[in-house]
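Enquirer: Just coords-v3.pdb, nothing more (PDB, C-alpha atoms):
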MODEL        1
ATOM      1  CA  GLN A 208      29.889 -42.334  32.187  1.00  0.00           C
ATOM      2  CA  VAL A 209      30.231 -44.972  29.484  1.00  0.00           C
ATOM      3  CA  GLN A 210      33.307 -44.745  27.309  1.00  0.00           C
ATOM      4  CA  LEU A 211      33.602 -46.547  23.990  1.00  0.00           C
ATOM      5  CA  VAL A 212      36.815 -47.055  22.056  1.00  0.00           C
ATOM      6  CA  GLU A 213      36.793 -48.489  18.541  1.00  0.00           C
ATOM      7  CA  SER A 214      39.715 -50.217  16.881  1.00  0.00           C
ATOM      8  CA  GLY A 215      40.482 -52.382  13.874  1.00  0.00           C
ATOM      9  CA  GLY A 216      39.944 -49.939  11.065  1.00  0.00           C
ATOM     10  CA  GLY A 217      42.341 -49.564   8.178  1.00  0.00           C
ATOM     11  CA  LEU A 218      42.858 -49.872   4.464  1.00  0.00           C
ATOM     12  CA  VAL A 219      41.524 -52.971   2.735  1.00  0.00           C
ATOM     13  CA  GLN A 220      41.085 -53.942  -0.899  1.00  0.00           C
ATOM     14  CA  PRO A 221      37.636 -54.463  -2.407  1.00  0.00           C
ATOM     15  CA  GLY A 222      36.405 -57.933  -1.599  1.00  0.00           C
ATOM     16  CA  GLY A 223      38.509 -58.081   1.545  1.00  0.00           C
ATOM     17  CA  SER A 224      37.561 -58.442   5.192  1.00  0.00           C
ATOM     18  CA  LEU A 225      38.043 -56.438   8.336  1.00  0.00           C
ATOM     19  CA  ARG A 226      37.030 -56.898  11.960  1.00  0.00           C
ATOM     20  CA  LEU A 227      36.206 -53.894  14.085  1.00  0.00           C
ATOM     21  CA  SER A 228      36.175 -53.964  17.878  1.00  0.00           C
ATOM     22  CA  CYS A 229      34.644 -51.616  20.391  1.00  0.00           C
ATOM     23  CA  ALA A 230      35.696 -51.804  24.032  1.00  0.00           C
ATOM     24  CA  ALA A 231      33.383 -50.328  26.654  1.00  0.00           C
ATOM     25  CA  SER A 232      34.183 -49.075  30.131  1.00  0.00           C
ATOM     26  CA  GLY A 233      32.517 -47.075  32.867  1.00  0.00           C
ATOM     27  CA  GLY A 234      29.145 -48.764  32.748  1.00  0.00           C
ATOM     28  CA  THR A 235      27.324 -52.087  32.846  1.00  0.00           C
ATOM     29  CA  PHE A 236      27.912 -53.192  29.278  1.00  0.00           C
ATOM     30  CA  SER A 237      25.796 -56.318  29.484  1.00  0.00           C
ATOM     31  CA  ARG A 238      22.582 -54.333  30.066  1.00  0.00           C
ATOM     32  CA  TYR A 239      22.611 -52.433  26.786  1.00  0.00           C
ATOM     33  CA  ALA A 240      22.133 -53.067  23.105  1.00  0.00           C
ATOM     34  CA  MET A 241      25.167 -52.060  21.079  1.00  0.00           C
ATOM     35  CA  GLY A 242      25.184 -50.677  17.587  1.00  0.00           C
ATOM     36  CA  TRP A 243      27.496 -49.776  14.750  1.00  0.00           C
ATOM     37  CA  PHE A 244      27.002 -46.745  12.538  1.00  0.00           C
ATOM     38  CA  ARG A 245      29.113 -45.240   9.778  1.00  0.00           C
ATOM     39  CA  GLN A 246      29.591 -41.854   8.230  1.00  0.00           C
ATOM     40  CA  ALA A 247      31.080 -41.315   4.805  1.00  0.00           C
ATOM     41  CA  PRO A 248      32.488 -37.928   3.753  1.00  0.00           C
ATOM     42  CA  GLY A 249      29.703 -35.481   2.998  1.00  0.00           C
ATOM     43  CA  LYS A 250      26.988 -37.891   4.146  1.00  0.00           C
ATOM     44  CA  GLU A 251      24.903 -38.350   7.250  1.00  0.00           C
ATOM     45  CA  ARG A 252      25.730 -40.974   9.836  1.00  0.00           C
ATOM     46  CA  GLU A 253      23.830 -44.153   9.047  1.00  0.00           C
ATOM     47  CA  PHE A 254      22.865 -47.319  10.840  1.00  0.00           C
ATOM     48  CA  VAL A 255      24.876 -50.462  10.091  1.00  0.00           C
ATOM     49  CA  ALA A 256      24.076 -53.101  12.708  1.00  0.00           C
ATOM     50  CA  VAL A 257      22.777 -53.629  16.234  1.00  0.00           C
ATOM     51  CA  ILE A 258      22.824 -56.464  18.745  1.00  0.00           C
ATOM     52  CA  ARG A 259      20.604 -56.898  21.764  1.00  0.00           C
ATOM     53  CA  TRP A 260      22.048 -56.829  25.257  1.00  0.00           C
ATOM     54  CA  ASP A 261      21.840 -60.631  25.528  1.00  0.00           C
ATOM     55  CA  SER A 262      22.791 -61.356  21.884  1.00  0.00           C
ATOM     56  CA  ALA A 263      19.325 -62.828  21.354  1.00  0.00           C
ATOM     57  CA  ASN A 264      18.626 -60.674  18.323  1.00  0.00           C
ATOM     58  CA  THR A 265      20.453 -58.650  15.701  1.00  0.00           C
ATOM     59  CA  ASP A 266      19.517 -56.321  12.871  1.00  0.00           C
ATOM     60  CA  TYR A 267      21.386 -54.993   9.861  1.00  0.00           C
ATOM     61  CA  ALA A 268      21.084 -52.327   7.241  1.00  0.00           C
ATOM     62  CA  ASP A 269      19.982 -53.830   3.936  1.00  0.00           C
ATOM     63  CA  SER A 270      23.243 -52.710   2.340  1.00  0.00           C
ATOM     64  CA  VAL A 271      25.328 -54.972   4.597  1.00  0.00           C
ATOM     65  CA  LYS A 272      23.060 -57.972   5.199  1.00  0.00           C
ATOM     66  CA  GLY A 273      24.815 -61.232   4.487  1.00  0.00           C
ATOM     67  CA  ARG A 274      28.262 -59.607   4.513  1.00  0.00           C
ATOM     68  CA  PHE A 275      28.573 -58.030   7.974  1.00  0.00           C
ATOM     69  CA  THR A 276      28.152 -59.795  11.307  1.00  0.00           C
ATOM     70  CA  ILE A 277      27.784 -58.112  14.678  1.00  0.00           C
ATOM     71  CA  SER A 278      28.632 -59.984  17.871  1.00  0.00           C
ATOM     72  CA  ARG A 279      29.514 -59.228  21.448  1.00  0.00           C
ATOM     73  CA  ASP A 280      31.384 -60.643  24.412  1.00  0.00           C
ATOM     74  CA  ASN A 281      29.786 -59.415  27.608  1.00  0.00           C
ATOM     75  CA  THR A 282      32.581 -60.896  29.718  1.00  0.00           C
ATOM     76  CA  LYS A 283      35.015 -58.575  27.953  1.00  0.00           C
ATOM     77  CA  ALA A 284      32.612 -55.654  27.461  1.00  0.00           C
ATOM     78  CA  THR A 285      33.385 -55.671  23.755  1.00  0.00           C
ATOM     79  CA  VAL A 286      31.288 -55.595  20.610  1.00  0.00           C
ATOM     80  CA  PHE A 287      32.589 -56.649  17.208  1.00  0.00           C
ATOM     81  CA  LEU A 288      31.724 -56.020  13.586  1.00  0.00           C
ATOM     82  CA  GLN A 289      33.029 -58.592  11.135  1.00  0.00           C
ATOM     83  CA  MET A 290      32.943 -57.130   7.638  1.00  0.00           C
ATOM     84  CA  SER A 291      33.404 -59.295   4.558  1.00  0.00           C
ATOM     85  CA  SER A 292      33.176 -58.800   0.805  1.00  0.00           C
ATOM     86  CA  LEU A 293      33.881 -55.147   1.357  1.00  0.00           C
ATOM     87  CA  LYS A 294      32.965 -52.646  -1.316  1.00  0.00           C
ATOM     88  CA  PRO A 295      34.409 -49.165  -1.917  1.00  0.00           C
ATOM     89  CA  GLU A 296      31.132 -47.625  -0.785  1.00  0.00           C
ATOM     90  CA  ALA A 297      31.812 -49.022   2.694  1.00  0.00           C
ATOM     91  CA  THR A 298      34.542 -46.412   3.098  1.00  0.00           C
ATOM     92  CA  ALA A 299      33.585 -44.370   6.143  1.00  0.00           C
ATOM     93  CA  VAL A 300      34.309 -43.669   9.762  1.00  0.00           C
ATOM     94  CA  TYR A 301      32.690 -46.423  11.799  1.00  0.00           C
ATOM     95  CA  TYR A 302      31.253 -45.641  15.212  1.00  0.00           C
ATOM     96  CA  CYS A 303      30.004 -47.918  17.942  1.00  0.00           C
ATOM     97  CA  ALA A 304      27.220 -46.787  20.225  1.00  0.00           C
ATOM     98  CA  ALA A 305      25.465 -47.924  23.395  1.00  0.00           C
ATOM     99  CA  ASP A 306      21.692 -47.957  23.826  1.00  0.00           C
ATOM    100  CA  ARG A 307      20.166 -45.345  26.107  1.00  0.00           C
ATOM    101  CA  VAL A 308      17.728 -47.880  27.604  1.00  0.00           C
ATOM    102  CA  SER A 309      18.780 -50.928  29.607  1.00  0.00           C
ATOM    103  CA  TYR A 310      17.378 -54.360  28.858  1.00  0.00           C
ATOM    104  CA  ARG A 311      15.395 -53.071  25.884  1.00  0.00           C
ATOM    105  CA  LEU A 312      13.535 -55.931  24.171  1.00  0.00           C
ATOM    106  CA  SER A 313      13.385 -54.229  20.793  1.00  0.00           C
ATOM    107  CA  LEU A 314      16.417 -53.116  18.798  1.00  0.00           C
ATOM    108  CA  PRO A 315      17.193 -49.433  18.339  1.00  0.00           C
ATOM    109  CA  THR A 316      18.294 -48.529  14.829  1.00  0.00           C
ATOM    110  CA  THR A 317      18.282 -44.732  14.851  1.00  0.00           C
ATOM    111  CA  LEU A 318      20.799 -42.247  16.161  1.00  0.00           C
ATOM    112  CA  ARG A 319      18.387 -41.106  18.847  1.00  0.00           C
ATOM    113  CA  GLY A 320      18.198 -44.608  20.283  1.00  0.00           C
ATOM    114  CA  PHE A 321      21.798 -44.471  21.444  1.00  0.00           C
ATOM    115  CA  ALA A 322      23.216 -42.423  24.290  1.00  0.00           C
ATOM    116  CA  TYR A 323      26.946 -43.043  24.113  1.00  0.00           C
ATOM    117  CA  TRP A 324      29.307 -42.933  21.151  1.00  0.00           C
ATOM    118  CA  GLY A 325      32.889 -43.771  20.438  1.00  0.00           C
ATOM    119  CA  GLN A 326      35.315 -41.568  18.537  1.00  0.00           C
ATOM    120  CA  GLY A 327      35.204 -43.741  15.446  1.00  0.00           C
ATOM    121  CA  THR A 328      37.662 -45.739  13.383  1.00  0.00           C
ATOM    122  CA  GLN A 329      38.403 -45.135   9.704  1.00  0.00           C
ATOM    123  CA  VAL A 330      37.717 -47.883   7.184  1.00  0.00           C
ATOM    124  CA  THR A 331      38.935 -47.349   3.648  1.00  0.00           C
ATOM    125  CA  VAL A 332      38.125 -49.819   0.887  1.00  0.00           C
ATOM    126  CA  SER A 333      40.300 -49.118  -2.098  1.00  0.00           C
ATOM    127  CA  THR A 334      42.871 -50.573  -4.464  1.00  0.00           C
TER     128      THR A 334
ENDMDL
END
Could you take the file, read its structure, and then write that structure out as structure tokens?
Expert:
Amino acid sequence: QVQLVESGGGLVQPGGSLRLSCAASGGTFSRYAMGWFRQAPGKEREFVAVIRWDSANTDYADSVKGRFTISRDNTKATVFLQMSSLKPEATAVYYCAADRVSYRLSLPTTLRGFAYWGQGTQVTVST
């Protein structure tokens, strides 16, 4: 059973930066694409970013392109989300997720594409 634990959330001012981490255990991390999603109060969980199992490809939601960067370290079974130029609308609980298919060549970007989820970490962008 794969377990995912996010960390790095917190309060940051608009325009600031934050780096989220997600540590995986209980599975073969390097076989699976990893994604980040977020859920703001009263809204549905939405896709933010995804990285392929071998880091060969990434994809981002239009709202974060050019400001967020997803990366991973397979030796440490950890995926990261570097967030810059943060806006108040980025306030949400951020979740990492592991693909349900190993060695997938394409990138999943929907909730149904992921089998395992972390508990989430709160990010608040405010003055």
Enquirer: With the file shown as input, list the residues that the PyMOL selection byres ((chain A and resi 231) around 8) selects, as an MDAnalysis selection string.
Expert: chainID A and resid 209:212 229:230 232:234 236 284:285
Enquirer: Taking 4 positions as the minimum chain separation for residues in the same chain, which residues sit within 6 Å of region 290-303 of chain A when counting only C-alpha atoms? Answer as an MDAnalysis selection string.
Expert: chainID A and resid 221:226 242:247 274:275 324:325 327:333
Enquirer: Let's have the selection written as a PDB file, keeping the file's coordinate frame, with C-alpha atoms.
Expert:
ATOM      1  CA  PRO A 221      37.636 -54.463  -2.407  1.00  0.00           C
ATOM      2  CA  GLY A 222      36.405 -57.933  -1.599  1.00  0.00           C
ATOM      3  CA  GLY A 223      38.509 -58.081   1.545  1.00  0.00           C
ATOM      4  CA  SER A 224      37.561 -58.442   5.192  1.00  0.00           C
ATOM      5  CA  LEU A 225      38.043 -56.438   8.336  1.00  0.00           C
ATOM      6  CA  ARG A 226      37.030 -56.898  11.960  1.00  0.00           C
ATOM      7  CA  GLY A 242      25.184 -50.677  17.587  1.00  0.00           C
ATOM      8  CA  TRP A 243      27.496 -49.776  14.750  1.00  0.00           C
ATOM      9  CA  PHE A 244      27.002 -46.745  12.538  1.00  0.00           C
ATOM     10  CA  ARG A 245      29.113 -45.240   9.778  1.00  0.00           C
ATOM     11  CA  GLN A 246      29.591 -41.854   8.230  1.00  0.00           C
ATOM     12  CA  ALA A 247      31.080 -41.315   4.805  1.00  0.00           C
ATOM     13  CA  ARG A 274      28.262 -59.607   4.513  1.00  0.00           C
ATOM     14  CA  PHE A 275      28.573 -58.030   7.974  1.00  0.00           C
ATOM     15  CA  TRP A 324      29.307 -42.933  21.151  1.00  0.00           C
ATOM     16  CA  GLY A 325      32.889 -43.771  20.438  1.00  0.00           C
ATOM     17  CA  GLY A 327      35.204 -43.741  15.446  1.00  0.00           C
ATOM     18  CA  THR A 328      37.662 -45.739  13.383  1.00  0.00           C
ATOM     19  CA  GLN A 329      38.403 -45.135   9.704  1.00  0.00           C
ATOM     20  CA  VAL A 330      37.717 -47.883   7.184  1.00  0.00           C
ATOM     21  CA  THR A 331      38.935 -47.349   3.648  1.00  0.00           C
ATOM     22  CA  VAL A 332      38.125 -49.819   0.887  1.00  0.00           C
ATOM     23  CA  SER A 333      40.300 -49.118  -2.098  1.00  0.00           C
TER      24      SER A 333
END
Enquirer: For CA of Ser270 (chain A) and CA of Arg252 (chain A), quote the distance in Å rounded to one decimal.
Expert: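 Atom-to-atom, CA of Ser270 (chain A) to CA of Arg252 (chain A), that is 14.1 Å.
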Enquirer: Need the axis-aligned box for region 217-222 of chain A with 4 Å each side, so what are the centre and edges in Å to one decimal, as lines of an AutoDock Vina configuration file?
Expert:
center_x = 39.6
center_y = -53.7
center_z = 2.9
size_x = 14.5
size_y = 16.4
size_z = 18.6
Enquirer: Neighbouring residues of region 261-265 of chain A were defined as those with any atom within 8 Å, considering all atoms listed in the file; residues of the same chain fewer than 3 positions away were excluded. Please report them as a compact mmCIF listing (two decimals) with C-alpha atoms, keeping the file's coordinate frame.
Expert:
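Written output follows (result.txt):
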# COMPACT_ATOMS: atom_id res chain seq x y z
CA SER A 237 25.80 -56.32 29.48
CA ARG A 238 22.58 -54.33 30.07
CA ALA A 240 22.13 -53.07 23.10
CA ALA A 256 24.08 -53.10 12.71
CA VAL A 257 22.78 -53.63 16.23
CA ILE A 258 22.82 -56.46 18.74
CA ILE A 277 27.78 -58.11 14.68
CA SER A 278 28.63 -59.98 17.87
CA ARG A 279 29.51 -59.23 21.45
CA LEU A 314 16.42 -53.12 18.80
Enquirer: For CA of Thr334 (chain A) and CA of Gln220 (chain A), quote the distance in Å rounded to one decimal.
Expert: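 Here the two named atoms are 5.2 Å from each other.
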Enquirer: Using only C-alpha atoms, determine which residues lie at most 10 Å from Arg307 (chain A), disregarding the query and same-chain residues fewer than 2 positions distant; provide the list as number ranges by chain.
Expert: A: 239-241, 304-305, 309-311, 315, 319-323
Enquirer: Of the candidates A:Asp266, A:Val286, A:Gly216, A:Val255, which one gets nearest to Ser313 (chain A) if we count only C-alpha atoms?
Expert: A:Asp266
Enquirer: Could you add the missing atoms to region 278-310 of chain A, up to N, CA and C atoms, and return them as a short mmCIF file (atom, residue, chain, number, x, y, z; two decimals), in the frame of the given file?
Expert:
data_model
loop_
_atom_site.label_atom_id
_atom_site.label_comp_id
_atom_site.auth_asym_id
_atom_site.auth_seq_id
_atom_site.Cartn_x
_atom_site.Cartn_y
_atom_site.Cartn_z
N SER A 278 28.61 -59.06 16.74
CA SER A 278 28.63 -59.98 17.87
C SER A 278 29.15 -59.23 19.09
N ARG A 279 29.04 -59.87 20.23
CA ARG A 279 29.51 -59.23 21.45
C ARG A 279 30.01 -60.26 22.45
N ASP A 280 30.88 -59.81 23.32
CA ASP A 280 31.38 -60.64 24.41
C ASP A 280 31.16 -59.84 25.69
N ASN A 281 30.11 -60.18 26.41
CA ASN A 281 29.79 -59.42 27.61
C ASN A 281 30.83 -59.59 28.71
N THR A 282 31.55 -60.69 28.70
CA THR A 282 32.58 -60.90 29.72
C THR A 282 33.76 -59.96 29.51
N LYS A 283 33.92 -59.50 28.27
CA LYS A 283 35.02 -58.58 27.95
C LYS A 283 34.52 -57.18 27.61
N ALA A 284 33.21 -56.97 27.76
CA ALA A 284 32.61 -55.65 27.46
C ALA A 284 33.05 -55.15 26.09
N THR A 285 32.92 -56.00 25.11
CA THR A 285 33.38 -55.67 23.76
C THR A 285 32.34 -56.10 22.73
N VAL A 286 32.16 -55.26 21.73
CA VAL A 286 31.29 -55.60 20.61
C VAL A 286 32.14 -55.59 19.34
N PHE A 287 31.80 -56.46 18.41
CA PHE A 287 32.59 -56.65 17.21
C PHE A 287 31.71 -56.43 15.97
N LEU A 288 32.38 -56.07 14.88
CA LEU A 288 31.72 -56.02 13.59
C LEU A 288 32.66 -56.68 12.58
N GLN A 289 32.28 -57.88 12.16
CA GLN A 289 33.03 -58.59 11.14
C GLN A 289 32.49 -58.17 9.78
N MET A 290 33.36 -57.63 8.95
CA MET A 290 32.94 -57.13 7.64
C MET A 290 33.64 -57.94 6.55
N SER A 291 32.86 -58.49 5.64
CA SER A 291 33.40 -59.30 4.56
C SER A 291 32.90 -58.77 3.22
N SER A 292 33.56 -59.22 2.17
CA SER A 292 33.18 -58.80 0.80
C SER A 292 33.00 -57.28 0.74
N LEU A 293 33.99 -56.59 1.25
CA LEU A 293 33.88 -55.15 1.36
C LEU A 293 33.89 -54.47 -0.01
N LYS A 294 33.09 -53.42 -0.10
CA LYS A 294 32.97 -52.65 -1.32
C LYS A 294 33.50 -51.23 -1.07
N PRO A 295 33.91 -50.54 -2.11
CA PRO A 295 34.41 -49.16 -1.92
C PRO A 295 33.42 -48.25 -1.22
N GLU A 296 32.13 -48.48 -1.42
CA GLU A 296 31.13 -47.62 -0.78
C GLU A 296 31.04 -47.84 0.73
N ALA A 297 31.75 -48.81 1.24
CA ALA A 297 31.81 -49.02 2.69
C ALA A 297 32.82 -48.09 3.35
N THR A 298 33.57 -47.36 2.56
CA THR A 298 34.54 -46.41 3.10
C THR A 298 33.84 -45.36 3.94
N ALA A 299 34.25 -45.28 5.21
CA ALA A 299 33.58 -44.37 6.14
C ALA A 299 34.30 -44.44 7.48
N VAL A 300 33.92 -43.54 8.37
CA VAL A 300 34.31 -43.67 9.76
C VAL A 300 33.22 -44.49 10.44
N TYR A 301 33.62 -45.53 11.14
CA TYR A 301 32.69 -46.42 11.80
C TYR A 301 32.67 -46.12 13.30
N TYR A 302 31.45 -45.98 13.81
CA TYR A 302 31.25 -45.64 15.21
C TYR A 302 30.48 -46.74 15.92
N CYS A 303 30.86 -47.06 17.13
CA CYS A 303 30.00 -47.92 17.94
C CYS A 303 29.23 -47.03 18.92
N ALA A 304 28.11 -47.56 19.36
CA ALA A 304 27.22 -46.79 20.23
C ALA A 304 26.50 -47.71 21.19
N ALA A 305 26.18 -47.17 22.37
CA ALA A 305 25.46 -47.92 23.40
C ALA A 305 24.05 -47.38 23.54
N ASP A 306 23.10 -48.29 23.66
CA ASP A 306 21.69 -47.96 23.83
C ASP A 306 21.49 -47.04 25.03
N ARG A 307 20.46 -46.22 24.98
CA ARG A 307 20.17 -45.34 26.11
C ARG A 307 19.21 -46.00 27.09
N VAL A 308 18.68 -47.17 26.75
CA VAL A 308 17.73 -47.88 27.60
C VAL A 308 18.30 -49.25 27.95
N SER A 309 18.26 -49.62 29.21
CA SER A 309 18.78 -50.93 29.61
C SER A 309 17.73 -52.01 29.37
N TYR A 310 18.21 -53.18 29.04
CA TYR A 310 17.38 -54.36 28.86
C TYR A 310 16.21 -54.14 27.88
#
